[in-house]
Amino acid sequence: MKHYQFILFYLISNIIIYLFQGSVWLYLAWFFVFLAVIVWGSFDIQLGYFVNSIINKQTKIKEVALTFDDGPTEFTPKFLDLLKENQITATFFCIGKQIEKYPETFKRIISEGHTIGNHTYSHSNKTGFLSTSKMIEEIEKCDEVISKIGNIKTDLYRPPFGVTNPNIAKAIKKTHKKSIGWNVRSLDTVTDDEKKIHNRITKNLQKGSIILLHDTSEKTYNVLVELLLFLEREKYSTFTIDSIINQKNNV
């Protein structure tokens with residue numbers, strides 16, 4: 001649902017309230033519907049309700065982006081080995097604290113040609129409740145770690161959990177970041193069955209899809225092994241998120 005659909009929803013709802021004015025229950029029903037829309041808009045990054053996020057690439061060829069969140073971790077080297085073996089570059093949205101914990105792995109991600117994105121410093125479970133100033137601090141502190149250890153800068157940012165709200169939107173704008181979402185969510189952190197994860201990815205795949213994965217477990221590594229075989233069979237190539245930014249800049 002895009003912005004104009006939310007506006008249409010709002011207008012229709014107000015017309016209904018006007019026609020049936022005086023009903024307390026109707027006002028209560030409208031309030032809860034409105035609240036549900038706000039919650040939905042906050043947790044589904046594809047809606048672009050608070051922030052316009054890049055969720056895919058406009059392309060006519062069979063290509064997809066592999067993106068990995070929450071690293072680096074102790075599992076990341078295995079992911080890097082597999083990607084290197086298949087001559088594939090990906091995009092890693094890294095947490096500042098994790099970079100500090102695994103600095104050599106972070107440097108390896110960069111040296112092997114992968115793209116880096118900011119995923120906040122701490123990936124707080126309270127992300128959706130943080131103030132604008134706290135969100136700015138989270139983003140800027142991660143930037144500092146990326147610069148200090150990796151000697152690079154990035155304007156790519158992925159909101160933890162895909163959560164957006166007015167405070168996060170302001171923080172993204174003030175830190176001059178480009179919000180990066182996805183249109184294929186693997187749910188690899190909440191699903192134990194590797195086959196289900198693989199099927200969820202492949203059945204929703206389209207030209208230009210951005211796939212959300214996490215380099216945080218053996219399970220996802222095994223899924224990636226099968227996914228790369230699938231991409232090869234189906235003649236898919238891969239791209240990194242910065243290529244979308246370059247594409248937009250050249251239009």
# chains A, B, ... in the order shown; residues from 1 in each chain; ligands from 1

$ residues_around --residues "segment 191-204 of chain A" --least-positions-apart "2" --cutoff "12 Å" --atoms "only C-alpha atoms" --output "JSON, numbers by chain"
{"A": [64, 65, 66, 182, 183, 184, 185, 186, 187, 188, 189, 206, 207, 208, 209, 210, 211, 212, 213, 214, 217, 218, 219, 220, 221, 222, 223, 224, 225, 226, 227, 228, 229, 230, 231, 233, 234, 236]}

$ write_last_selection --atoms "C-alpha atoms" --output "PDB file, in the first residue's frame"
ATOM      1  CA  VAL A  64      19.037 -10.262  -7.342  1.00  0.00           C
ATOM      2  CA  ALA A  65      20.839  -8.795  -4.352  1.00  0.00           C
ATOM      3  CA  LEU A  66      22.027 -10.889  -1.450  1.00  0.00           C
ATOM      4  CA  TRP A 182      13.867  -5.656   0.860  1.00  0.00           C
ATOM      5  CA  ASN A 183      11.090  -7.377  -1.023  1.00  0.00           C
ATOM      6  CA  VAL A 184      12.093 -10.947  -0.176  1.00  0.00           C
ATOM      7  CA  ARG A 185      12.271 -11.650   3.541  1.00  0.00           C
ATOM      8  CA  SER A 186      13.703 -15.056   4.413  1.00  0.00           C
ATOM      9  CA  LEU A 187      12.626 -15.034   8.092  1.00  0.00           C
ATOM     10  CA  ASP A 188      15.785 -17.060   8.717  1.00  0.00           C
ATOM     11  CA  THR A 189      16.041 -15.819  12.309  1.00  0.00           C
ATOM     12  CA  GLN A 206      11.623 -11.544  -9.031  1.00  0.00           C
ATOM     13  CA  LYS A 207      13.959  -9.623 -11.307  1.00  0.00           C
ATOM     14  CA  GLY A 208      15.700  -7.061  -9.109  1.00  0.00           C
ATOM     15  CA  SER A 209      14.719  -8.610  -5.792  1.00  0.00           C
ATOM     16  CA  ILE A 210      16.576  -7.655  -2.620  1.00  0.00           C
ATOM     17  CA  ILE A 211      16.843 -10.704  -0.372  1.00  0.00           C
ATOM     18  CA  LEU A 212      17.120 -10.293   3.403  1.00  0.00           C
ATOM     19  CA  LEU A 213      19.363 -12.865   5.111  1.00  0.00           C
ATOM     20  CA  HIS A 214      21.508 -12.918   8.277  1.00  0.00           C
ATOM     21  CA  SER A 217      23.920 -19.031  11.952  1.00  0.00           C
ATOM     22  CA  GLU A 218      24.917 -22.349  10.438  1.00  0.00           C
ATOM     23  CA  LYS A 219      21.293 -22.716   9.375  1.00  0.00           C
ATOM     24  CA  THR A 220      21.372 -19.671   7.109  1.00  0.00           C
ATOM     25  CA  TYR A 221      24.749 -20.735   5.749  1.00  0.00           C
ATOM     26  CA  ASN A 222      23.170 -24.035   4.650  1.00  0.00           C
ATOM     27  CA  VAL A 223      20.278 -22.133   3.084  1.00  0.00           C
ATOM     28  CA  LEU A 224      22.754 -19.949   1.198  1.00  0.00           C
ATOM     29  CA  VAL A 225      24.490 -23.032  -0.218  1.00  0.00           C
ATOM     30  CA  GLU A 226      21.212 -24.230  -1.722  1.00  0.00           C
ATOM     31  CA  LEU A 227      20.174 -20.741  -2.773  1.00  0.00           C
ATOM     32  CA  LEU A 228      23.350 -20.200  -4.782  1.00  0.00           C
ATOM     33  CA  LEU A 229      22.758 -23.487  -6.572  1.00  0.00           C
ATOM     34  CA  PHE A 230      19.212 -22.364  -7.352  1.00  0.00           C
ATOM     35  CA  LEU A 231      20.390 -18.997  -8.683  1.00  0.00           C
ATOM     36  CA  ARG A 233      20.301 -23.155 -12.276  1.00  0.00           C
ATOM     37  CA  GLU A 234      17.839 -20.360 -12.935  1.00  0.00           C
ATOM     38  CA  TYR A 236      20.311 -15.347 -11.990  1.00  0.00           C
TER      39      TYR A 236
END

$ select_by_dssp --residues "segment 42-172 of chain A" --states "strand (DSSP E)" --output "PyMOL selection string"
chain A and resi 63-71+91-94+115-118+156-157

$ residues_around --residues "segment 111-123 of chain A" --least-positions-apart "6" --cutoff "6 Å" --atoms "only C-alpha atoms" --output "PyMOL selection string"
chain A and resi 89-97+138-139+141-142+156-158+160

$ select_by_dssp --residues "segment 12-188 of chain A" --states "alpha helix (DSSP H)" --output "PyMOL selection string"
chain A and resi 12-19+24-43+76-85+96-101+103-111+132-150+166-174

$ residues_around --residues "Thr132 of chain A" --least-positions-apart "2" --cutoff "9 Å" --atoms "only C-alpha atoms" --output "ChimeraX atom specification"
/A:130,134-137,166-171

$ write_last_selection --atoms "N, CA and C atoms" --output "mmCIF file, in the first residue's frame"
data_model
loop_
_atom_site.group_PDB
_atom_site.id
_atom_site.type_symbol
_atom_site.label_atom_id
_atom_site.label_comp_id
_atom_site.auth_asym_id
_atom_site.auth_seq_id
_atom_site.Cartn_x
_atom_site.Cartn_y
_atom_site.Cartn_z
ATOM 1 N N LEU A 130 12.950 4.719 20.418
ATOM 2 C CA LEU A 130 14.038 5.666 20.655
ATOM 3 C C LEU A 130 13.702 7.040 20.102
ATOM 4 N N LYS A 134 18.539 9.940 19.859
ATOM 5 C CA LYS A 134 19.150 8.642 20.171
ATOM 6 C C LYS A 134 19.369 7.835 18.898
ATOM 7 N N MET A 135 18.429 7.913 17.965
ATOM 8 C CA MET A 135 18.600 7.207 16.701
ATOM 9 C C MET A 135 19.769 7.792 15.909
ATOM 10 N N ILE A 136 19.890 9.106 15.917
ATOM 11 C CA ILE A 136 21.032 9.745 15.249
ATOM 12 C C ILE A 136 22.335 9.260 15.872
ATOM 13 N N GLU A 137 22.356 9.184 17.194
ATOM 14 C CA GLU A 137 23.549 8.701 17.901
ATOM 15 C C GLU A 137 23.886 7.268 17.494
ATOM 16 N N PRO A 166 8.264 8.237 12.688
ATOM 17 C CA PRO A 166 8.698 9.621 12.458
ATOM 18 C C PRO A 166 10.088 9.941 13.014
ATOM 19 N N ASN A 167 10.431 9.415 14.190
ATOM 20 C CA ASN A 167 11.758 9.672 14.771
ATOM 21 C C ASN A 167 12.870 9.067 13.919
ATOM 22 N N ILE A 168 12.643 7.842 13.465
ATOM 23 C CA ILE A 168 13.638 7.175 12.623
ATOM 24 C C ILE A 168 13.749 7.885 11.280
ATOM 25 N N ALA A 169 12.622 8.314 10.749
ATOM 26 C CA ALA A 169 12.635 9.048 9.474
ATOM 27 C C ALA A 169 13.467 10.321 9.589
ATOM 28 N N LYS A 170 13.307 11.054 10.685
ATOM 29 C CA LYS A 170 14.087 12.281 10.901
ATOM 30 C C LYS A 170 15.575 11.962 11.038
ATOM 31 N N ALA A 171 15.881 10.884 11.752
ATOM 32 C CA ALA A 171 17.283 10.499 11.947
ATOM 33 C C ALA A 171 17.941 10.126 10.627
#

$ closest_residue --among "A:Ser147, A:Phe161, A:Thr238, A:Ile99" --to "Gln87 of chain A" --atoms "only C-alpha atoms"
A:Thr238

$ closest_residue --among "A:Phe50, A:Val145, A:Glu63, A:Thr175" --to "Ile241 of chain A" --atoms "only C-alpha atoms"
A:Glu63

$ residues_around --residues "Pro72 of chain A" --least-positions-apart "2" --cutoff "7 Å" --atoms "only C-alpha atoms" --output "list in words"
Asp70, Thr76, Cys94, Gln98, Ile99, Tyr102, Thr105 and Phe106 of chain A

$ write_last_selection --atoms "N, CA and C atoms" --output "tab-separated table (two decimals), in the first residue's frame"
chain	number	residue	atom	x	y	z
A	70	ASP	N	23.18	-7.95	10.64
A	70	ASP	CA	23.52	-8.27	12.03
A	70	ASP	C	24.94	-8.77	12.26
A	76	THR	N	30.38	-15.49	9.94
A	76	THR	CA	30.60	-14.71	8.73
A	76	THR	C	31.73	-15.23	7.85
A	94	CYS	N	26.06	-3.98	8.76
A	94	CYS	CA	26.78	-4.38	9.96
A	94	CYS	C	26.41	-3.55	11.19
A	98	GLN	N	29.25	-5.30	16.69
A	98	GLN	CA	29.77	-6.54	16.10
A	98	GLN	C	31.06	-6.27	15.32
A	99	ILE	N	31.15	-5.13	14.70
A	99	ILE	CA	32.39	-4.76	14.01
A	99	ILE	C	33.54	-4.68	15.01
A	102	TYR	N	34.54	-8.23	15.93
A	102	TYR	CA	35.19	-9.01	14.88
A	102	TYR	C	35.80	-8.07	13.83
A	105	THR	N	37.34	-9.73	10.59
A	105	THR	CA	36.31	-10.23	9.68
A	105	THR	C	35.69	-9.08	8.91
A	106	PHE	N	35.47	-7.96	9.59
A	106	PHE	CA	34.91	-6.78	8.93
A	106	PHE	C	35.85	-6.29	7.84

$ closest_residue --among "A:Val163, A:Val51, A:Leu82, A:Val190" --to "Lys178 of chain A" --atoms "only C-alpha atoms"
A:Val51

$ atom_distance --atom1 "atom CA of Ile88 of chain A" --atom2 "atom CA of Arg108 of chain A"
14.3 Å
